[in-house]
Every structure is written in structure tokens, then in C-alpha cells.
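Asks: My questions all concern the structure below.
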Amino acid sequence: MLQLGRYDEAFWYADRRNNRELHSILGTLDAQPRNDSLRTLLGAYQDARAREIGAERQCLEIDSKGGEGTELAAGARAEREKAFSVMNGAAEAVAHNERAFEPFVRNASVGLTEVAKGLPPGTALVEHILTRRSLYAFVVTNAHSGVYVAAFEKDRVFDLSREFVDLLRLRETYADSSRPRQSAVEARLRELNAPLYEAFIRPIEGAIAGVTDLNIVLPREVAALPLHALSRGIQQGGGFVAEKHAVSYLPSASSLLLPRIRIGQVKEVVGVGCPGGTSWDVEYELRDIRAFFKDVRLYFDQQASLATLQKENEDLLHLAIRFQFNDQRPGNSFFILSDGESAGTMKHIPLGQLLSLPPVPAVVVSDLDEHRTGIRPSEPYLFLANGTQEIVFTSTVPSRKAKKFFGEIFYTTLLTGADVRAAYRKAQLEMIRTADYASPFTWAPFFLWGR
């Protein structure tokens, strides 16, 4: 469709593909929202889905025994169709009650016109689409839309992105190594930056010139790539993407149309720190917030529990905890908090329980999983579905030094009355302009998600 110039249809299917990826994960979670009616509707959908799966398996079993034309097979197929209809009805009831929960029960998609209407002036949606031989980019504003293409094969884009992300993480581990070793990694990062910038940014430079805010939807194959950390290169005028635009990421274009809640000044902050078996000093990370917010409430040890989070109401929630995502079985993914009984005992809490927390306008997720390499779009979506507008999410575990510097600028800026997006960008730019933090490996892991 892209090659034929059928761009409206291509955009619609691309968004549907992204939402299918969301549904493949969110649909496996035991979602437990606070809203009683929504929780009941989700329970009805899960029950109907289980019945549909059972009916499908019965049909397959009968067919495998050569009973396709029997009365038993006809009855099984009728039961399957009935179960499928009931499941679709239950999914429709969930989506009608709360649009943000549609990816939990079915695929969804939006068109270019609908997205354009939802964009404020000065904001653009940039959605990249990988095909076998090319990388396409949609750029959509409230005034116009365009499609741009780079002649990069899918496998090459994937390989470049993966190596770039891996080397950013490796450079962090070389912080105390010899300078030659650090220089070798940095040189390779610069080499990789050039073709990545040519693929993702160069074709759309003219289209996004003058645009203040960029909402990025990346292909799932390269979702870990920090597009904000790419640059034109010193010899071409320099400048990271993050210096020219305020960059945030979205799980899909449909996410733009989630309900918007007005975010006022951040006055109350809650911080929860639970190392979850890691050696990370969560108290060190969070206590500095007290220098900027006298009303900050910090919870450690046995107080760092799900029950504590369920009782709190705040403007910003800072989580220094370990998330454990299971790619093979997403339904088994969890995060770690105290069991609430003692300081040393932890509890694995299913990801769906995040929806049981009171809605909070902004969240900072400082994940402590040392094996994390990137952020799956379904993870920030859990917060977006629960009413959060902006999420700062670390894609790898930054150094203590980088976290401290980012946090100081971020919270100091919030104290002046700035919103979360402005505070995030101020911290990002200050890191870029400060010699000790200017290299992308120190600030690239801080991703902003939201709209």
C-alpha cells in the first residue's frame, strides 16, 4: 500500500499492527482496575474468551479425528461461533466503557484524519514503518501529513539499532575502564549514529523543522532505539534530536486519542524504593527529592508495598523498583515490592496490579533490572491506561551519578512550577551541556512516554 501511494490505508494498518502487539501482551495480563464496573466487564470478557478458546480447541480435536461432517462437528462449530460472538460483545462493552482499555480486549486502529485532529499546534506525530527494503516515516500535524522514505533494508536497520543500543549500555559499564577502551566504544557509536540518523531523521528534517514537540511511534523491531539521542554529527552542524525537539514516545498512534487530564503544578510527590534483590541503594536515589519537596513521602523496607501505593494520592509517583518482564509468557511478568510484613521479604506482583493504583498524573519509573535493554510499549501503556499523562521510564539502569544529576535538575525545575515535560527536557538539556554527562550513554536511557 505504501508503494502504491495508498497512505491512509497504510497508516491504518500500521496502527493496527502496533495495537496487535499491545493486545498480544496486555490481553494476557490479569488486569485489575480500581473501577468496579470496568473490572466486572473485563472479568466477563476473560470468561467469554476462555469459552471461545475452549470451543476452538474442541473443533480442532473433532476435525483431527476426521469428524468434519458429523453432527457433533456441526454442533461444535455452532458453539464456537456463539462463543466468538459473545467474546466480541464483551470486548465491545469494555471498549465502550473505557476506550483506554480497548487494547486489553481487542485490536484497534485510527486513521490519519482522526490523528491530525487530535494534535495541537506545534506538535507532530512521527511514525516509522519498516518494510523489507525501505524505512518509511509518516509525519502528521494538525495542518498536513506526509510520507517520507529512506532506502534502508529492514535487516540493516535492525542490526544498526541493536548494536547502537548494546554499545550505549556497554559504554556505561566501561565508566571506570581505561580511556582507550572507552574511546573505542565511543568511536563505534559515532559510526553507527551516522546511518541511523540518515535512516530515521534525515528524510523528515524539512517536515519537522519548526515543530516543537515530537510524538514518536517506533517499529516494534527497534523499540529500544533512543531516537532522541541521534545527531547530525559535528561536521554537519551537530545537534542531537533532543536539542531541537521535545521528544516523547507513544505505544501507538491510537494512544494520542486517550482521554487527556489537565496536569497542574506538581505539589505532592511519593517515592517508593524496593531493591528487589539488587544491590541498588534505593534510599540514596530517592532521599534527594526531599531537598526540593518538603511534602514528599518516601517509603522503603516493609512500607514499600502494594497496599501503600493503593492508599496514596499524589501528583507524581517515583518508583525505584525492579520490573521483570517475561517475553515468552507476558502474563507471568511482575514487579517486586515488599510483602508488607518485614523489611527483608519481597513479593512478586503481576503487572496487571498496576491498574489497581489511584490515577496519578505523572510517573517516574527507575527500573532496577540490570538485564533490561529497552522499554516494551505495553509497559508505559499500563500507566497511560490508568490515567497517567507522562511517564519518565529508564530503558537501562543508568549510573547512580547520572540518576542523581537528572533527578536534581528534574525536581528543581518542577519546584519552579514547570510541568513534567518541561522539567524532563530541562534535565536532558543540562546533561547534554555538562561535560561529565554530555555523552549520550549517560542521558539516552531516560525516555519520556506520553502525549
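By order in the C-alpha cells, chains are A, B, ...; within a chain, residues start at 1; ligands start at 1, following the order shown.
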Taking the backbone alone, and naming residues the way the document does, which bits of region 19-152 of chain A are helix (DSSP H, G or I) by DSSP, as JSON, numbers by chain?
Replies: {"A": [19, 20, 21, 22, 23, 24, 25, 26, 36, 37, 38, 39, 40, 41, 42, 43, 44, 45, 46, 47, 48, 49, 50, 51, 52, 53, 54, 55, 56, 57, 58, 59, 60, 61, 62, 63, 64, 71, 72, 73, 74, 75, 76, 77, 78, 79, 80, 81, 82, 83, 84, 85, 86, 87, 88, 89, 90, 91, 92, 93, 94, 95, 96, 97, 99, 100, 101, 102, 103, 104, 112, 113, 114, 115, 116, 117]}
Asks: How would the residues just picked look written out with C-alpha atoms as a short mmCIF file (atom, residue, chain, number, x, y, z; two decimals), in the first residue's frame?
Replies:
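Final file, out-v6.cif:
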data_model
loop_
_atom_site.label_atom_id
_atom_site.label_comp_id
_atom_site.auth_asym_id
_atom_site.auth_seq_id
_atom_site.Cartn_x
_atom_site.Cartn_y
_atom_site.Cartn_z
CA ASN A 19 -2.11 -2.30 18.62
CA ARG A 20 -1.97 -6.01 17.85
CA GLU A 21 1.41 -6.11 19.55
CA LEU A 22 -0.09 -4.30 22.53
CA HIS A 23 -3.04 -6.68 22.65
CA SER A 24 -0.81 -9.74 22.45
CA ILE A 25 0.74 -8.67 25.78
CA LEU A 26 -1.99 -6.72 27.57
CA ASP A 36 -15.67 -1.86 39.85
CA SER A 37 -17.81 -1.77 36.72
CA LEU A 38 -14.80 -1.90 34.44
CA ARG A 39 -13.31 -4.75 36.43
CA THR A 40 -16.60 -6.65 36.08
CA LEU A 41 -16.66 -6.06 32.32
CA LEU A 42 -13.06 -7.26 31.99
CA GLY A 43 -13.93 -10.36 34.00
CA ALA A 44 -16.85 -11.07 31.67
CA TYR A 45 -14.55 -10.68 28.67
CA GLN A 46 -11.93 -13.01 30.14
CA ASP A 47 -14.60 -15.61 30.84
CA ALA A 48 -16.00 -15.29 27.30
CA ARG A 49 -12.50 -15.54 25.83
CA ALA A 50 -11.81 -18.71 27.80
CA ARG A 51 -15.04 -20.23 26.47
CA GLU A 52 -14.14 -19.25 22.91
CA ILE A 53 -10.70 -20.84 23.25
CA GLY A 54 -12.30 -23.99 24.64
CA ALA A 55 -14.78 -24.14 21.77
CA GLU A 56 -12.00 -23.67 19.24
CA ARG A 57 -9.97 -26.48 20.76
CA GLN A 58 -12.98 -28.78 20.69
CA CYS A 59 -13.46 -28.11 16.98
CA LEU A 60 -9.79 -28.85 16.29
CA GLU A 61 -9.97 -32.08 18.24
CA ILE A 62 -13.05 -33.26 16.36
CA ASP A 63 -11.54 -32.31 13.00
CA SER A 64 -8.30 -34.15 13.85
CA GLU A 71 -23.45 -33.83 13.64
CA LEU A 72 -21.01 -33.48 16.54
CA ALA A 73 -18.68 -31.33 14.42
CA ALA A 74 -21.57 -29.11 13.27
CA GLY A 75 -22.61 -28.58 16.87
CA ALA A 76 -19.06 -27.75 17.90
CA ARG A 77 -18.74 -25.18 15.13
CA ALA A 78 -22.04 -23.60 16.11
CA GLU A 79 -20.85 -23.41 19.71
CA ARG A 80 -17.60 -21.83 18.54
CA GLU A 81 -19.44 -19.16 16.56
CA LYS A 82 -21.67 -18.42 19.53
CA ALA A 83 -18.68 -18.14 21.87
CA PHE A 84 -16.89 -15.89 19.39
CA SER A 85 -19.92 -13.60 19.19
CA VAL A 86 -20.20 -13.41 22.97
CA MET A 87 -16.50 -12.62 23.28
CA ASN A 88 -16.76 -9.80 20.73
CA GLY A 89 -19.76 -8.41 22.57
CA ALA A 90 -17.85 -8.46 25.84
CA ALA A 91 -14.88 -6.71 24.18
CA GLU A 92 -17.19 -4.04 22.77
CA ALA A 93 -18.64 -3.44 26.25
CA VAL A 94 -15.14 -2.89 27.68
CA ALA A 95 -14.10 -0.53 24.87
CA HIS A 96 -17.35 1.42 25.15
CA ASN A 97 -16.94 1.80 28.92
CA ARG A 99 -11.51 3.38 25.50
CA ALA A 100 -8.08 3.20 27.12
CA PHE A 101 -8.71 -0.50 27.87
CA GLU A 102 -9.51 -1.47 24.29
CA PRO A 103 -6.01 -2.96 23.70
CA PHE A 104 -6.66 -5.32 26.62
CA LEU A 112 -4.70 9.91 9.59
CA THR A 113 -7.57 12.39 9.76
CA GLU A 114 -8.54 11.37 13.29
CA VAL A 115 -4.93 11.66 14.48
CA ALA A 116 -4.43 15.07 12.85
CA LYS A 117 -7.50 16.43 14.65
#
Asks: For Tyr299 (chain A), list every protein, DNA or RNA residue within 8 Å, evaluated using only C-alpha atoms, and leave out those in the same chain fewer than 6 positions away; present the list as number ranges by chain.
Replies: A: 270-273
Asks: With N, CA and C atoms retained, could you export that selection as a PDB file, in the first residue's frame?
Replies:
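Wrote result36.pdb, looks like this:
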ATOM      1  N   VAL A 270       5.357  11.212  45.785  1.00  0.00           N
ATOM      2  CA  VAL A 270       5.525   9.982  46.555  1.00  0.00           C
ATOM      3  C   VAL A 270       6.640   9.172  45.909  1.00  0.00           C
ATOM      4  N   GLY A 271       7.578   8.721  46.709  1.00  0.00           N
ATOM      5  CA  GLY A 271       8.664   7.884  46.212  1.00  0.00           C
ATOM      6  C   GLY A 271       8.638   6.532  46.904  1.00  0.00           C
ATOM      7  N   VAL A 272       8.731   5.483  46.138  1.00  0.00           N
ATOM      8  CA  VAL A 272       8.743   4.117  46.674  1.00  0.00           C
ATOM      9  C   VAL A 272      10.006   3.426  46.190  1.00  0.00           C
ATOM     10  N   GLY A 273      10.811   2.915  47.120  1.00  0.00           N
ATOM     11  CA  GLY A 273      12.054   2.251  46.761  1.00  0.00           C
ATOM     12  C   GLY A 273      12.116   0.839  47.313  1.00  0.00           C
TER      13      GLY A 273
END
Asks: Give the answer as one residue: which of A:Pro359, A:Gly276, A:Gly66, A:Gly340 has the shortest atom-to-atom distance to Thr308 (chain A), using only C-alpha atoms?
Replies: A:Gly340
Asks: Write out as a PyMOL selection string each polymer residue whose atoms come within 8 Å of region 379-391 of chain A, counting only C-alpha atoms; drop sequence neighbours fewer than 6 positions from it.
Replies: chain A and resi 33+100-101+251+258-261+263+352+354-355+358-365+420-421+448-451
Asks: What is the distance, in Å and to one decimal place, between CA of Ser109 (chain A) and CA of Arg329 (chain A)?
Replies: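 The value is 24.8 Å.
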Asks: Rounded to one decimal in Å, what is the spacing between CA of Arg433 (chain A) and CA of Gly239 (chain A)?
Replies: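 Atom-to-atom, CA of Arg433 (chain A) to CA of Gly239 (chain A), that is 11.2 Å.
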Asks: Name the closest residue to Ala320 (chain A) among the candidates A:Phe334, A:Phe293, A:Tyr284, A:Tyr411; distances are taken between atoms, counting only C-alpha atoms.
Replies: A:Tyr284
Asks: Could you pull the residues within 9 Å of Phe152 (chain A), counting only C-alpha atoms, minus those fewer than 3 positions along the same chain, as a PDB file with N, CA and C atoms, in the first residue's frame?
Replies:
ATOM      1  N   LEU A 130       8.816  -0.133   9.089  1.00  0.00           N
ATOM      2  CA  LEU A 130       9.860  -0.913   8.429  1.00  0.00           C
ATOM      3  C   LEU A 130       9.259  -1.861   7.407  1.00  0.00           C
ATOM      4  N   THR A 131       9.760  -1.800   6.196  1.00  0.00           N
ATOM      5  CA  THR A 131       9.435  -2.812   5.192  1.00  0.00           C
ATOM      6  C   THR A 131      10.732  -3.521   4.801  1.00  0.00           C
ATOM      7  N   ARG A 132      10.621  -4.507   3.952  1.00  0.00           N
ATOM      8  CA  ARG A 132      11.799  -5.330   3.659  1.00  0.00           C
ATOM      9  C   ARG A 132      12.936  -4.515   3.065  1.00  0.00           C
ATOM     10  N   ARG A 133      12.630  -3.530   2.227  1.00  0.00           N
ATOM     11  CA  ARG A 133      13.671  -2.787   1.529  1.00  0.00           C
ATOM     12  C   ARG A 133      13.752  -1.307   1.914  1.00  0.00           C
ATOM     13  N   SER A 134      12.775  -0.808   2.694  1.00  0.00           N
ATOM     14  CA  SER A 134      12.746   0.631   2.965  1.00  0.00           C
ATOM     15  C   SER A 134      12.244   0.916   4.373  1.00  0.00           C
ATOM     16  N   LEU A 135      12.598   2.111   4.842  1.00  0.00           N
ATOM     17  CA  LEU A 135      12.074   2.619   6.105  1.00  0.00           C
ATOM     18  C   LEU A 135      11.228   3.843   5.781  1.00  0.00           C
ATOM     19  N   VAL A 149      10.654   8.454   2.835  1.00  0.00           N
ATOM     20  CA  VAL A 149      11.234   7.120   2.730  1.00  0.00           C
ATOM     21  C   VAL A 149      12.751   7.184   2.710  1.00  0.00           C
ATOM     22  N   ASP A 155      16.639  -5.523   7.691  1.00  0.00           N
ATOM     23  CA  ASP A 155      17.661  -6.208   8.476  1.00  0.00           C
ATOM     24  C   ASP A 155      18.795  -5.269   8.872  1.00  0.00           C
ATOM     25  N   ARG A 156      19.143  -4.356   7.960  1.00  0.00           N
ATOM     26  CA  ARG A 156      20.230  -3.425   8.277  1.00  0.00           C
ATOM     27  C   ARG A 156      19.807  -2.452   9.377  1.00  0.00           C
ATOM     28  N   VAL A 157      18.590  -1.935   9.281  1.00  0.00           N
ATOM     29  CA  VAL A 157      18.097  -1.023  10.314  1.00  0.00           C
ATOM     30  C   VAL A 157      18.072  -1.730  11.665  1.00  0.00           C
ATOM     31  N   ALA A 199      18.735   7.227   8.261  1.00  0.00           N
ATOM     32  CA  ALA A 199      17.543   6.410   8.066  1.00  0.00           C
ATOM     33  C   ALA A 199      16.310   7.022   8.718  1.00  0.00           C
TER      34      ALA A 199
END
Asks: For a test of reading the model, state the distance in Å between CA of Arg181 (chain A) and CA of Phe240 (chain A), rounded to one decimal.
Replies: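 Taking CA of Arg181 (chain A) and CA of Phe240 (chain A), their separation equals 24.0 Å.
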Asks: Between A:Ile349, A:Ala184, A:Ile208, A:Ala343, which has the minimum distance to His144 (chain A) (counting only C-alpha atoms)?
Replies: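 Distance minimum relative to His144 (chain A) lands on A:Ile208.
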